[in-house]
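Asks: Sharing work.pdb here; it has PDB, C-alpha atoms.
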ATOM      1  CA  MET M 783      44.509  24.427  32.555
ATOM      2  CA  ALA M 784      43.820  27.865  34.036
ATOM      3  CA  GLU M 785      43.209  29.286  30.543
ATOM      4  CA  GLU M 786      40.771  26.458  29.743
ATOM      5  CA  LEU M 787      38.914  27.083  33.002
ATOM      6  CA  TRP M 788      38.703  30.807  32.236
ATOM      7  CA  ASN M 789      37.430  30.197  28.719
ATOM      8  CA  HIS M 790      34.859  27.684  29.995
ATOM      9  CA  SER M 791      33.635  29.991  32.741
ATOM     10  CA  SER M 792      33.511  32.968  30.378
ATOM     11  CA  LEU M 793      31.213  31.032  28.050
ATOM     12  CA  SER M 794      28.971  29.107  30.379
ATOM     13  CA  SER M 795      29.133  30.344  33.982
ATOM     14  CA  PHE M 796      29.689  33.108  36.489
ATOM     15  CA  ILE M 797      31.522  32.996  39.821
ATOM     16  CA  LEU M 798      29.578  34.034  42.934
ATOM     17  CA  ALA M 799      31.546  35.786  45.672
ATOM     18  CA  GLY M 800      29.219  34.313  48.283
ATOM     19  CA  LEU M 801      27.580  35.623  51.417
ATOM     20  CA  PHE M 802      30.473  35.172  53.845
ATOM     21  CA  SER M 803      33.865  36.874  54.019
ATOM     22  CA  HIS M 804      36.091  33.979  55.181
ATOM     23  CA  SER M 805      36.025  35.004  58.840
ATOM     24  CA  PRO M 806      36.221  32.638  61.862
ATOM     25  CA  TYR M 807      32.485  33.190  62.402
ATOM     26  CA  ASP M 808      31.399  31.949  58.956
ATOM     27  CA  SER M 809      30.062  28.641  60.299
ATOM     28  CA  PHE M 810      28.025  30.460  62.944
ATOM     29  CA  PHE M 811      26.509  32.891  60.413
ATOM     30  CA  PHE M 812      25.882  30.016  58.005
ATOM     31  CA  SER M 813      23.956  28.205  60.769
ATOM     32  CA  LEU M 814      21.832  31.316  61.340
ATOM     33  CA  VAL M 815      21.035  31.536  57.621
ATOM     34  CA  LEU M 816      20.035  27.855  57.535
ATOM     35  CA  LEU M 817      17.904  28.325  60.663
ATOM     36  CA  ALA M 818      16.109  31.320  59.128
ATOM     37  CA  PHE M 819      15.659  29.419  55.847
ATOM     38  CA  GLY M 820      14.234  26.408  57.674
ATOM     39  CA  ALA M 821      11.857  28.629  59.651
ATOM     40  CA  ALA M 822      10.714  30.351  56.430
ATOM     41  CA  VAL M 823      10.054  27.061  54.637
ATOM     42  CA  VAL M 824       8.290  25.383  57.580
ATOM     43  CA  GLY M 825       6.280  28.501  58.456
ATOM     44  CA  ASN M 826       5.007  29.103  54.934
ATOM     45  CA  ILE M 827       4.242  25.441  54.230
ATOM     46  CA  LEU M 828       2.381  25.214  57.553
ATOM     47  CA  LEU M 829       0.376  28.327  56.712
ATOM     48  CA  LEU M 830      -0.506  26.936  53.274
ATOM     49  CA  THR M 831      -1.554  23.636  54.877
ATOM     50  CA  LEU M 832      -3.770  25.383  57.429
ATOM     51  CA  ILE M 833      -5.460  27.516  54.764
ATOM     52  CA  GLN M 834      -6.109  24.437  52.644
ATOM     53  CA  ALA M 835      -7.312  22.228  55.518
ATOM     54  CA  ASP M 836      -9.615  24.614  57.437
ATOM     55  CA  ARG M 837     -12.834  25.668  55.692
ATOM     56  CA  ARG M 838     -13.059  28.802  57.818
ATOM     57  CA  LEU M 839      -9.946  30.058  56.046
ATOM     58  CA  HIS M 840     -11.431  29.612  52.561
ATOM     59  CA  THR M 841     -11.942  33.351  52.153
ATOM     60  CA  PRO M 842     -10.414  35.939  49.790
ATOM     61  CA  MET M 843      -8.044  37.261  52.461
ATOM     62  CA  TYR M 844      -6.509  33.836  53.087
ATOM     63  CA  PHE M 845      -6.466  33.027  49.381
ATOM     64  CA  PHE M 846      -4.248  36.078  48.832
ATOM     65  CA  LEU M 847      -2.208  35.136  51.909
ATOM     66  CA  SER M 848      -1.594  31.695  50.391
ATOM     67  CA  GLN M 849      -0.298  33.417  47.248
ATOM     68  CA  LEU M 850       2.046  35.492  49.420
ATOM     69  CA  SER M 851       3.361  32.306  51.052
ATOM     70  CA  ILE M 852       4.015  30.748  47.632
ATOM     71  CA  MET M 853       5.923  33.882  46.618
ATOM     72  CA  ASP M 854       7.988  33.820  49.823
ATOM     73  CA  LEU M 855       8.824  30.134  49.329
ATOM     74  CA  THR M 856       9.829  30.770  45.718
ATOM     75  CA  MET M 857      12.046  33.699  46.706
ATOM     76  CA  THR M 858      13.956  32.017  49.514
ATOM     77  CA  CYS M 859      14.239  28.613  47.767
ATOM     78  CA  THR M 860      15.658  30.300  44.662
ATOM     79  CA  VAL M 861      18.536  31.873  46.588
ATOM     80  CA  VAL M 862      19.440  30.047  49.825
ATOM     81  CA  PRO M 863      19.968  26.416  48.634
ATOM     82  CA  LYS M 864      22.486  27.490  45.960
ATOM     83  CA  THR M 865      24.265  29.769  48.459
ATOM     84  CA  ALA M 866      24.445  26.920  50.979
ATOM     85  CA  ALA M 867      25.649  24.414  48.381
ATOM     86  CA  ASN M 868      28.427  26.759  47.253
ATOM     87  CA  PHE M 869      29.525  27.401  50.844
ATOM     88  CA  LEU M 870      29.612  23.694  51.765
ATOM     89  CA  SER M 871      31.317  22.523  48.562
ATOM     90  CA  GLY M 872      33.703  25.442  48.190
ATOM     91  CA  ARG M 873      32.654  25.768  44.537
ATOM     92  CA  LYS M 874      31.647  29.266  43.493
ATOM     93  CA  PHE M 875      30.362  28.640  39.964
ATOM     94  CA  ILE M 876      26.809  29.176  38.761
ATOM     95  CA  SER M 877      25.823  28.336  35.188
ATOM     96  CA  LEU M 878      24.369  30.920  32.852
ATOM     97  CA  ALA M 879      21.060  29.034  32.959
ATOM     98  CA  GLY M 880      21.145  28.978  36.761
ATOM     99  CA  CYS M 881      22.011  32.678  36.882
ATOM    100  CA  ALA M 882      19.216  33.566  34.451
ATOM    101  CA  SER M 883      16.777  31.450  36.490
ATOM    102  CA  GLN M 884      17.698  33.258  39.700
ATOM    103  CA  ILE M 885      17.222  36.682  38.092
ATOM    104  CA  PHE M 886      13.924  35.624  36.498
ATOM    105  CA  LEU M 887      12.427  34.168  39.690
ATOM    106  CA  VAL M 888      13.671  36.858  42.098
ATOM    107  CA  VAL M 889      12.512  39.740  39.875
ATOM    108  CA  MET M 890       9.193  38.019  39.100
ATOM    109  CA  VAL M 891       8.387  37.316  42.750
ATOM    110  CA  GLY M 892       9.583  40.759  43.861
ATOM    111  CA  GLY M 893       7.332  42.506  41.355
ATOM    112  CA  ALA M 894       4.393  40.171  41.947
ATOM    113  CA  GLU M 895       4.604  40.734  45.700
ATOM    114  CA  CYS M 896       4.386  44.514  45.194
ATOM    115  CA  PHE M 897       1.142  44.101  43.281
ATOM    116  CA  LEU M 898      -0.222  41.415  45.618
ATOM    117  CA  LEU M 899       0.241  43.586  48.705
ATOM    118  CA  ALA M 900      -1.791  46.306  46.967
ATOM    119  CA  VAL M 901      -4.465  43.712  46.117
ATOM    120  CA  MET M 902      -4.547  42.576  49.757
ATOM    121  CA  ALA M 903      -5.004  46.176  50.915
ATOM    122  CA  TYR M 904      -7.833  46.616  48.403
ATOM    123  CA  ASP M 905      -9.417  43.398  49.726
ATOM    124  CA  ARG M 906      -9.364  44.751  53.303
ATOM    125  CA  TYR M 907     -10.866  48.026  52.061
ATOM    126  CA  MET M 908     -13.749  46.144  50.426
ATOM    127  CA  ALA M 909     -14.272  43.923  53.493
ATOM    128  CA  VAL M 910     -14.371  46.784  55.999
ATOM    129  CA  CYS M 911     -16.078  49.491  53.942
ATOM    130  CA  TYR M 912     -18.588  47.312  52.044
ATOM    131  CA  PRO M 913     -19.205  44.287  54.312
ATOM    132  CA  LEU M 914     -22.659  43.430  52.912
ATOM    133  CA  ARG M 915     -21.571  43.532  49.257
ATOM    134  CA  TYR M 916     -18.120  42.070  49.941
ATOM    135  CA  PRO M 917     -18.937  38.409  48.997
ATOM    136  CA  VAL M 918     -20.277  39.595  45.621
ATOM    137  CA  LEU M 919     -17.590  42.215  44.924
ATOM    138  CA  MET M 920     -14.723  39.885  45.878
ATOM    139  CA  ASN M 921     -15.966  36.600  44.442
ATOM    140  CA  TRP M 922     -13.564  33.820  43.475
ATOM    141  CA  LYS M 923     -13.444  34.910  39.843
ATOM    142  CA  VAL M 924     -12.337  38.420  40.847
ATOM    143  CA  CYS M 925      -9.824  37.056  43.379
ATOM    144  CA  SER M 926      -8.317  34.651  40.846
ATOM    145  CA  PHE M 927      -8.011  37.435  38.271
ATOM    146  CA  LEU M 928      -6.282  39.784  40.755
ATOM    147  CA  ALA M 929      -3.850  37.080  41.881
ATOM    148  CA  MET M 930      -3.061  36.112  38.286
ATOM    149  CA  ALA M 931      -2.585  39.762  37.324
ATOM    150  CA  SER M 932      -0.049  40.135  40.174
ATOM    151  CA  TRP M 933       1.945  37.140  38.937
ATOM    152  CA  MET M 934       1.783  38.268  35.307
ATOM    153  CA  GLY M 935       2.917  41.795  36.205
ATOM    154  CA  GLY M 936       5.993  40.417  37.960
ATOM    155  CA  MET M 937       6.657  37.966  35.122
ATOM    156  CA  ALA M 938       6.544  40.695  32.458
ATOM    157  CA  ASP M 939       9.153  42.689  34.377
ATOM    158  CA  SER M 940      11.405  39.650  34.860
ATOM    159  CA  VAL M 941      11.312  38.631  31.172
ATOM    160  CA  ILE M 942      12.459  42.124  30.161
ATOM    161  CA  ASP M 943      15.218  42.178  32.797
ATOM    162  CA  VAL M 944      16.617  38.758  31.889
ATOM    163  CA  GLY M 945      16.524  39.553  28.167
ATOM    164  CA  MET M 946      18.326  42.873  28.615
ATOM    165  CA  VAL M 947      20.930  41.693  31.144
ATOM    166  CA  PHE M 948      22.108  38.841  28.929
ATOM    167  CA  SER M 949      22.137  40.996  25.809
ATOM    168  CA  PHE M 950      25.183  42.876  27.170
ATOM    169  CA  PRO M 951      28.710  41.542  26.555
ATOM    170  CA  TYR M 952      30.739  40.275  29.535
ATOM    171  CA  CYS M 953      34.380  40.362  28.560
ATOM    172  CA  GLY M 954      36.134  41.121  31.864
ATOM    173  CA  SER M 955      35.985  39.453  35.262
ATOM    174  CA  LEU M 956      33.034  37.095  35.696
ATOM    175  CA  LYS M 957      33.095  37.222  39.507
ATOM    176  CA  VAL M 958      29.701  38.458  40.732
ATOM    177  CA  ASP M 959      30.234  40.394  43.976
ATOM    178  CA  HIS M 960      27.074  38.967  45.540
ATOM    179  CA  PHE M 961      25.726  35.692  46.944
ATOM    180  CA  PHE M 962      23.271  35.236  44.068
ATOM    181  CA  CYS M 963      22.716  36.622  40.575
ATOM    182  CA  GLU M 964      21.084  40.031  40.937
ATOM    183  CA  VAL M 965      20.717  42.490  38.062
ATOM    184  CA  PRO M 966      22.834  45.396  39.446
ATOM    185  CA  ALA M 967      25.664  43.016  40.446
ATOM    186  CA  LEU M 968      25.824  41.552  36.918
ATOM    187  CA  LEU M 969      25.646  44.928  35.188
ATOM    188  CA  ARG M 970      28.836  45.975  37.001
ATOM    189  CA  LEU M 971      30.663  43.213  35.090
ATOM    190  CA  SER M 972      29.561  44.266  31.617
ATOM    191  CA  CYS M 973      32.092  45.933  29.344
ATOM    192  CA  ALA M 974      29.300  47.860  27.565
ATOM    193  CA  ASP M 975      27.642  51.103  28.663
ATOM    194  CA  THR M 976      24.648  50.013  30.764
ATOM    195  CA  SER M 977      23.769  53.436  32.184
ATOM    196  CA  LEU M 978      20.601  53.832  30.056
ATOM    197  CA  PHE M 979      19.307  50.411  31.134
ATOM    198  CA  GLU M 980      20.165  51.166  34.778
ATOM    199  CA  ASP M 981      18.184  54.411  34.584
ATOM    200  CA  LEU M 982      15.278  52.471  33.046
ATOM    201  CA  ILE M 983      15.429  49.904  35.881
ATOM    202  CA  TYR M 984      15.397  52.708  38.440
ATOM    203  CA  ALA M 985      12.356  54.344  36.809
ATOM    204  CA  CYS M 986      10.492  51.005  36.586
ATOM    205  CA  CYS M 987      11.254  50.205  40.224
ATOM    206  CA  VAL M 988       9.979  53.598  41.353
ATOM    207  CA  VAL M 989       6.729  53.067  39.433
ATOM    208  CA  MET M 990       6.297  49.445  40.553
ATOM    209  CA  LEU M 991       6.892  50.371  44.183
ATOM    210  CA  LEU M 992       5.100  53.702  44.449
ATOM    211  CA  LEU M 993       1.916  52.893  42.480
ATOM    212  CA  PRO M 994       1.028  49.847  44.649
ATOM    213  CA  LEU M 995       2.086  51.801  47.728
ATOM    214  CA  GLY M 996      -0.346  54.557  46.700
ATOM    215  CA  VAL M 997      -3.156  51.965  46.472
ATOM    216  CA  ILE M 998      -2.199  50.623  49.914
ATOM    217  CA  VAL M 999      -2.155  54.073  51.529
ATOM    218  CA  ALA M1000      -5.469  55.100  49.907
ATOM    219  CA  SER M1001      -7.136  51.806  50.898
ATOM    220  CA  TYR M1002      -6.060  52.014  54.517
ATOM    221  CA  ALA M1003      -6.967  55.693  54.762
ATOM    222  CA  ARG M1004     -10.535  54.703  53.858
ATOM    223  CA  VAL M1005     -10.402  51.697  56.196
ATOM    224  CA  LEU M1006      -9.249  53.859  59.097
ATOM    225  CA  THR M1007     -12.010  56.381  58.456
ATOM    226  CA  THR M1008     -14.615  53.590  58.435
ATOM    227  CA  VAL M1009     -13.218  51.908  61.568
ATOM    228  CA  ILE M1010     -13.323  55.175  63.528
ATOM    229  CA  ARG M1011     -17.028  55.490  62.740
ATOM    230  CA  MET M1012     -17.853  51.928  63.851
ATOM    231  CA  PRO M1013     -20.135  51.827  66.918
ATOM    232  CA  SER M1014     -18.953  48.369  68.020
ATOM    233  CA  THR M1015     -15.668  48.135  69.945
ATOM    234  CA  GLU M1016     -15.365  44.456  69.023
ATOM    235  CA  GLY M1017     -15.790  45.289  65.327
ATOM    236  CA  LYS M1018     -13.130  47.970  65.569
ATOM    237  CA  GLN M1019     -10.703  45.599  67.293
ATOM    238  CA  LYS M1020     -11.224  42.800  64.768
ATOM    239  CA  ALA M1021     -10.764  45.144  61.788
ATOM    240  CA  LEU M1022      -7.653  46.750  63.252
ATOM    241  CA  THR M1023      -6.063  43.398  64.207
ATOM    242  CA  THR M1024      -6.528  41.998  60.704
ATOM    243  CA  CYS M1025      -5.286  45.171  59.021
ATOM    244  CA  SER M1026      -2.331  45.624  61.382
ATOM    245  CA  SER M1027      -0.936  42.204  60.359
ATOM    246  CA  HIS M1028      -1.042  43.240  56.712
ATOM    247  CA  LEU M1029       0.463  46.638  57.459
ATOM    248  CA  ALA M1030       3.328  44.964  59.333
ATOM    249  CA  VAL M1031       4.040  42.796  56.262
ATOM    250  CA  VAL M1032       3.818  45.867  53.991
ATOM    251  CA  GLY M1033       6.287  47.755  56.190
ATOM    252  CA  LEU M1034       8.680  44.808  56.262
ATOM    253  CA  TYR M1035       8.588  44.301  52.496
ATOM    254  CA  TYR M1036       8.646  47.933  51.406
ATOM    255  CA  GLY M1037      11.394  48.799  53.873
ATOM    256  CA  GLY M1038      13.751  46.341  52.202
ATOM    257  CA  ALA M1039      12.499  47.025  48.675
ATOM    258  CA  ILE M1040      12.933  50.797  48.916
ATOM    259  CA  LEU M1041      16.439  50.418  50.353
ATOM    260  CA  SER M1042      17.317  47.895  47.658
ATOM    261  CA  TYR M1043      15.763  49.283  44.493
ATOM    262  CA  MET M1044      15.058  52.988  44.923
ATOM    263  CA  GLN M1045      18.734  53.897  44.762
ATOM    264  CA  ARG M1046      20.684  55.180  41.796
ATOM    265  CA  ALA M1047      23.308  52.775  40.464
ATOM    266  CA  SER M1048      26.043  55.262  41.408
ATOM    267  CA  SER M1049      25.055  55.151  45.095
ATOM    268  CA  ARG M1050      24.855  51.340  45.382
ATOM    269  CA  THR M1051      27.639  49.284  46.965
ATOM    270  CA  PRO M1052      28.173  45.493  46.952
ATOM    271  CA  MET M1053      28.034  45.391  50.760
ATOM    272  CA  GLY M1054      24.792  47.390  50.823
ATOM    273  CA  ASP M1055      23.278  45.151  48.137
ATOM    274  CA  ARG M1056      24.137  42.067  50.194
ATOM    275  CA  ALA M1057      22.553  43.498  53.342
ATOM    276  CA  THR M1058      19.262  44.484  51.692
ATOM    277  CA  SER M1059      19.147  41.201  49.753
ATOM    278  CA  ILE M1060      19.406  39.215  52.999
ATOM    279  CA  PHE M1061      16.423  41.224  54.203
ATOM    280  CA  TYR M1062      14.038  40.368  51.368
ATOM    281  CA  THR M1063      15.307  36.879  50.398
ATOM    282  CA  ILE M1064      15.680  35.377  53.904
ATOM    283  CA  LEU M1065      14.226  37.532  56.683
ATOM    284  CA  THR M1066      10.957  38.684  55.076
ATOM    285  CA  PRO M1067       9.895  35.127  54.064
ATOM    286  CA  MET M1068      10.638  34.020  57.628
ATOM    287  CA  PHE M1069       8.709  36.818  59.371
ATOM    288  CA  ASN M1070       5.591  36.939  57.155
ATOM    289  CA  PRO M1071       3.992  33.671  58.382
ATOM    290  CA  LEU M1072       4.940  34.544  61.966
ATOM    291  CA  ILE M1073       3.223  37.924  61.730
ATOM    292  CA  TYR M1074       0.013  36.438  60.354
ATOM    293  CA  SER M1075      -0.074  33.460  62.734
ATOM    294  CA  LEU M1076       0.768  35.268  65.961
ATOM    295  CA  ARG M1077      -1.594  38.189  65.383
ATOM    296  CA  ASN M1078      -4.513  36.276  63.868
ATOM    297  CA  ARG M1079      -6.999  34.341  65.984
ATOM    298  CA  GLU M1080      -8.418  32.399  63.028
ATOM    299  CA  VAL M1081      -4.989  31.063  62.083
ATOM    300  CA  THR M1082      -4.044  30.160  65.672
ATOM    301  CA  SER M1083      -7.454  28.483  66.103
ATOM    302  CA  ALA M1084      -6.907  26.451  62.915
ATOM    303  CA  LEU M1085      -3.446  25.460  64.174
ATOM    304  CA  ARG M1086      -4.858  24.278  67.534
ATOM    305  CA  LYS M1087      -7.530  22.301  65.698
ATOM    306  CA  MET M1088      -4.916  20.611  63.509
ATOM    307  CA  LEU M1089      -2.694  19.786  66.530
ATOM    308  CA  ARG M1090      -5.664  18.216  68.379
ATOM    309  CA  ARG M1091      -6.227  15.918  65.412
TER
END
Write out the structure in this file as structure tokens.

Replies:
Amino acid sequence: MAEELWNHSSLSSFILAGLFSHSPYDSFFFSLVLLAFGAAVVGNILLLTLIQADRRLHTPMYFFLSQLSIMDLTMTCTVVPKTAANFLSGRKFISLAGCASQIFLVVMVGGAECFLLAVMAYDRYMAVCYPLRYPVLMNWKVCSFLAMASWMGGMADSVIDVGMVFSFPYCGSLKVDHFFCEVPALLRLSCADTSLFEDLIYACCVVMLLLPLGVIVASYARVLTTVIRMPSTEGKQKALTTCSSHLAVVGLYYGGAILSYMQRASSRTPMGDRATSIFYTILTPMFNPLIYSLRNREVTSALRKMLRR
């Protein structure tokens, strides 16, 4: 029976170690994860609903924000439900198709979010530095193209990653030391030499993180210069409030991404991977809608209007 189970799992599934370490506090930590997941789902769906329902939010900035909410929902819903189901059922298996789907969606959304944050910074640059030409420069055709390009950039990266990861042989233990299928965790199980692919992943991650970050820094350097020259205090405050929300999201995302992906394979540990993965799969999707709703008068006004109805 054990041999049959091993042969079946070696052909069609992996075993996830899970998020928890069988301590007396597992139920408490599991409740916190579910609470954060629930807050992320409710917060992002509420933000999407507000943007759709209020005409004042039908602007490029909120269009890109709605894309960010969709990405956050995709990220957290790809990982947390399977982790919760495994914890509650005691079953640790994930099928090859399920594993490939997790890698595809997580990598796609992670890459797309890098590009989208750069697009959002560029949008703020255009709005603050070229306010009169902004409606023409950032029309819906341009916005749709930039959003689609962000998604396609992430998708291209994920297709390559999934194809390469499952081209390697897995002939040893199939226990993934993680709570979901992530590329570095799977590569540790391969009985082939994956060092060249790991170096390629590292190089791609550096490029995909640093190029958008360069656009963000350059955009906000110009924005700051323009804001300082503004004669109106109210104009300065409005520009800085809007931009500070985006900068907070950028800091939150890039903090976790740099810790997670800009490390050599030799310096990564399973415990470190788990910690950084919690950050960008659970915490970031929870905090993003909070940051934009609490620091944005237009969103809070739209929420009040909806509640009065």

Asks: Give me the result of the PyMOL selection byres ((chain M and resi 850) around 9) on this file, residue by residue, as a ChimeraX atom specification.

Replies: /M:826,845-849,851-855,895,898-899,1070

Asks: Using the file's own x, y and z axes, so that the box edges lie along x, y and z, what centre and edge lengths in Å (one decimal) does a box around every listed atom of range 1051-1056 of chain M get when 6 Å is added on each side? Give it as lines of an AutoDock Vina configuration file.

Replies:
center_x = 25.7
center_y = 45.7
center_z = 48.9
size_x = 16.9
size_y = 19.2
size_z = 15.9

Asks: Between CA of Phe796 in chain M and CA of Thr1058 in chain M, measure the distance and give it in Å to one decimal.

Replies: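 Atom-to-atom, CA of Phe796 in chain M and CA of Thr1058 in chain M are spaced 21.7 Å apart.
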
Asks: Can you tell me which residues surround range 862-878 of chain M at a distance of at most 7 Å, considering all atoms listed in the file, apart from same-chain residues fewer than 3 positions away, and format the answer as a list in words?

Replies: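 Result of the neighbour search: Ser794, Ser795, Phe796, Ile797, Leu798, Ala799, Gly800, Thr858, Cys859, Cys881, Ala882 and Phe961 of chain M.
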
Asks: Applied to this file, what does the PyMOL selection byres ((chain M and resi 842) around 9) return in terms of residues, put as a compact mmCIF listing (two decimals) with C-alpha atoms, in the coordinates of the input?

Replies:
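Output below, filename out_9.txt:
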# COMPACT_ATOMS: atom_id res chain seq x y z
CA LEU M 839 -9.95 30.06 56.05
CA HIS M 840 -11.43 29.61 52.56
CA THR M 841 -11.94 33.35 52.15
CA MET M 843 -8.04 37.26 52.46
CA TYR M 844 -6.51 33.84 53.09
CA PHE M 845 -6.47 33.03 49.38
CA PHE M 846 -4.25 36.08 48.83
CA LEU M 847 -2.21 35.14 51.91
CA MET M 902 -4.55 42.58 49.76
CA ASP M 905 -9.42 43.40 49.73
CA PRO M 917 -18.94 38.41 49.00
CA MET M 920 -14.72 39.88 45.88
CA ASN M 921 -15.97 36.60 44.44
CA TRP M 922 -13.56 33.82 43.48
CA CYS M 925 -9.82 37.06 43.38

Asks: Assuming the chain letters and numbering stay as they are in my file, what does the PyMOL selection byres ((chain M and resi 891) around 8) actually select? List them as a list in words.

Replies: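 After applying the PyMOL selection byres ((chain M and resi 891) around 8), what remains is Met853, Asp854, Thr856, Met857, Leu887, Val888, Val889, Met890, Gly892, Gly893, Ala894, Glu895, Trp933, Gly936 and Met937 of chain M.
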
Asks: Kindly give the distance, in Å, that separates CA of Tyr916 in chain M and CA of Leu1022 in chain M, rounded to a single decimal.

Replies: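 So the two atoms, CA of Tyr916 in chain M and CA of Leu1022 in chain M, lie 17.6 Å apart.
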
Asks: Do you know which residues are at most 10 Å from Thr1066 in chain M counting all atoms listed in the file, after dropping those on the same chain fewer than 3 positions away, and could you put them as a CSV table (one decimal) with C-alpha atoms, in the frame of the given file?

Replies:
chain,number,residue,atom,x,y,z
M,818,ALA,CA,16.1,31.3,59.1
M,822,ALA,CA,10.7,30.4,56.4
M,854,ASP,CA,8.0,33.8,49.8
M,857,MET,CA,12.0,33.7,46.7
M,858,THR,CA,14.0,32.0,49.5
M,1031,VAL,CA,4.0,42.8,56.3
M,1034,LEU,CA,8.7,44.8,56.3
M,1035,TYR,CA,8.6,44.3,52.5
M,1038,GLY,CA,13.8,46.3,52.2
M,1060,ILE,CA,19.4,39.2,53.0
M,1061,PHE,CA,16.4,41.2,54.2
M,1062,TYR,CA,14.0,40.4,51.4
M,1063,THR,CA,15.3,36.9,50.4
M,1069,PHE,CA,8.7,36.8,59.4
M,1070,ASN,CA,5.6,36.9,57.2
M,1071,PRO,CA,4.0,33.7,58.4

Asks: By how many Å are CA of Ser932 in chain M and CA of Phe897 in chain M apart?

Replies: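 Distance between the two atoms: 5.2 Å.
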
Asks: Let me make sure I understand: among M:Phe927, M:Glu964, M:Val910, M:Val941, which one has the smallest atom-to-atom distance to Gln884 in chain M if we use all atoms listed in the file?

Replies: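 Of M:Phe927, M:Glu964, M:Val910, M:Val941, the one nearest Gln884 in chain M is M:Glu964, counting all atoms listed in the file.
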
Asks: Between M:Thr1023, M:Gly996, M:Pro1013, M:Ser809, which residue has the minimum interatomic distance to Ala903 in chain M, considering only C-alpha atoms?

Replies: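 Ranking M:Thr1023, M:Gly996, M:Pro1013, M:Ser809 by distance to Ala903 in chain M, first place goes to M:Gly996.
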
Asks: Taking only C-alpha atoms into account, name the residue in M:Met1068, M:Ala900, M:Val999, M:Phe886 that is nearest to Val947 in chain M.

Replies: M:Phe886

Asks: Can you work out which one of M:Asp939, M:Leu829, M:Ala909, M:Val824 has the shortest atom-to-atom distance to Val989 in chain M, counting only C-alpha atoms?

Replies: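 Closest candidate: M:Asp939.
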
Asks: Can you work out which one of M:Asn1078, M:Cys896, M:Asp836, M:Val944 has the shortest atom-to-atom distance to Ala929 in chain M, counting only C-alpha atoms?

Replies: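 Of the candidates, the smallest distance to Ala929 in chain M is held by M:Cys896.
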
Asks: Please work out which residues fall within 9 Å of (-4.4, 42.2, 61.2), coordinates as given in the file, with only C-alpha atoms counting, and return them as a PyMOL selection string.

Replies: chain M and resi 1020-1030+1073-1074+1077-1078

Asks: Which residue gives the smallest distance to Cys911 in chain M among M:Val1005, M:Met930, M:Leu1065, M:Ile885, with only C-alpha atoms counted?

Replies: M:Val1005

Asks: Could you write range 846-855 of chain M as a short mmCIF file (atom, residue, chain, number, x, y, z; two decimals), keeping the file's coordinate frame, with N, CA, C and O atoms rebuilt where they are missing?

Replies:
data_model
loop_
_atom_site.label_atom_id
_atom_site.label_comp_id
_atom_site.auth_asym_id
_atom_site.auth_seq_id
_atom_site.Cartn_x
_atom_site.Cartn_y
_atom_site.Cartn_z
N PHE M 846 -5.37 35.19 49.17
CA PHE M 846 -4.25 36.08 48.83
C PHE M 846 -3.04 35.80 49.74
O PHE M 846 -1.89 35.87 49.29
N LEU M 847 -3.30 35.46 50.99
CA LEU M 847 -2.21 35.14 51.91
C LEU M 847 -1.48 33.87 51.45
O LEU M 847 -0.25 33.78 51.56
N SER M 848 -2.23 32.90 50.91
CA SER M 848 -1.59 31.70 50.39
C SER M 848 -0.70 32.03 49.19
O SER M 848 0.37 31.44 49.02
N GLN M 849 -1.13 32.98 48.37
CA GLN M 849 -0.30 33.42 47.25
C GLN M 849 0.99 34.07 47.75
O GLN M 849 2.07 33.87 47.18
N LEU M 850 0.87 34.85 48.82
CA LEU M 850 2.05 35.49 49.42
C LEU M 850 3.03 34.44 49.94
O LEU M 850 4.24 34.57 49.77
N SER M 851 2.50 33.38 50.55
CA SER M 851 3.36 32.31 51.05
C SER M 851 4.08 31.59 49.91
O SER M 851 5.26 31.25 50.03
N ILE M 852 3.38 31.37 48.80
CA ILE M 852 4.01 30.75 47.63
C ILE M 852 5.13 31.64 47.10
O ILE M 852 6.23 31.16 46.74
N MET M 853 4.89 32.94 47.07
CA MET M 853 5.92 33.88 46.62
C MET M 853 7.13 33.86 47.55
O MET M 853 8.29 33.86 47.09
N ASP M 854 6.88 33.85 48.86
CA ASP M 854 7.99 33.82 49.82
C ASP M 854 8.80 32.54 49.69
O ASP M 854 10.04 32.56 49.76
N LEU M 855 8.12 31.41 49.52
CA LEU M 855 8.82 30.13 49.33
C LEU M 855 9.66 30.16 48.06
O LEU M 855 10.81 29.69 48.05
#
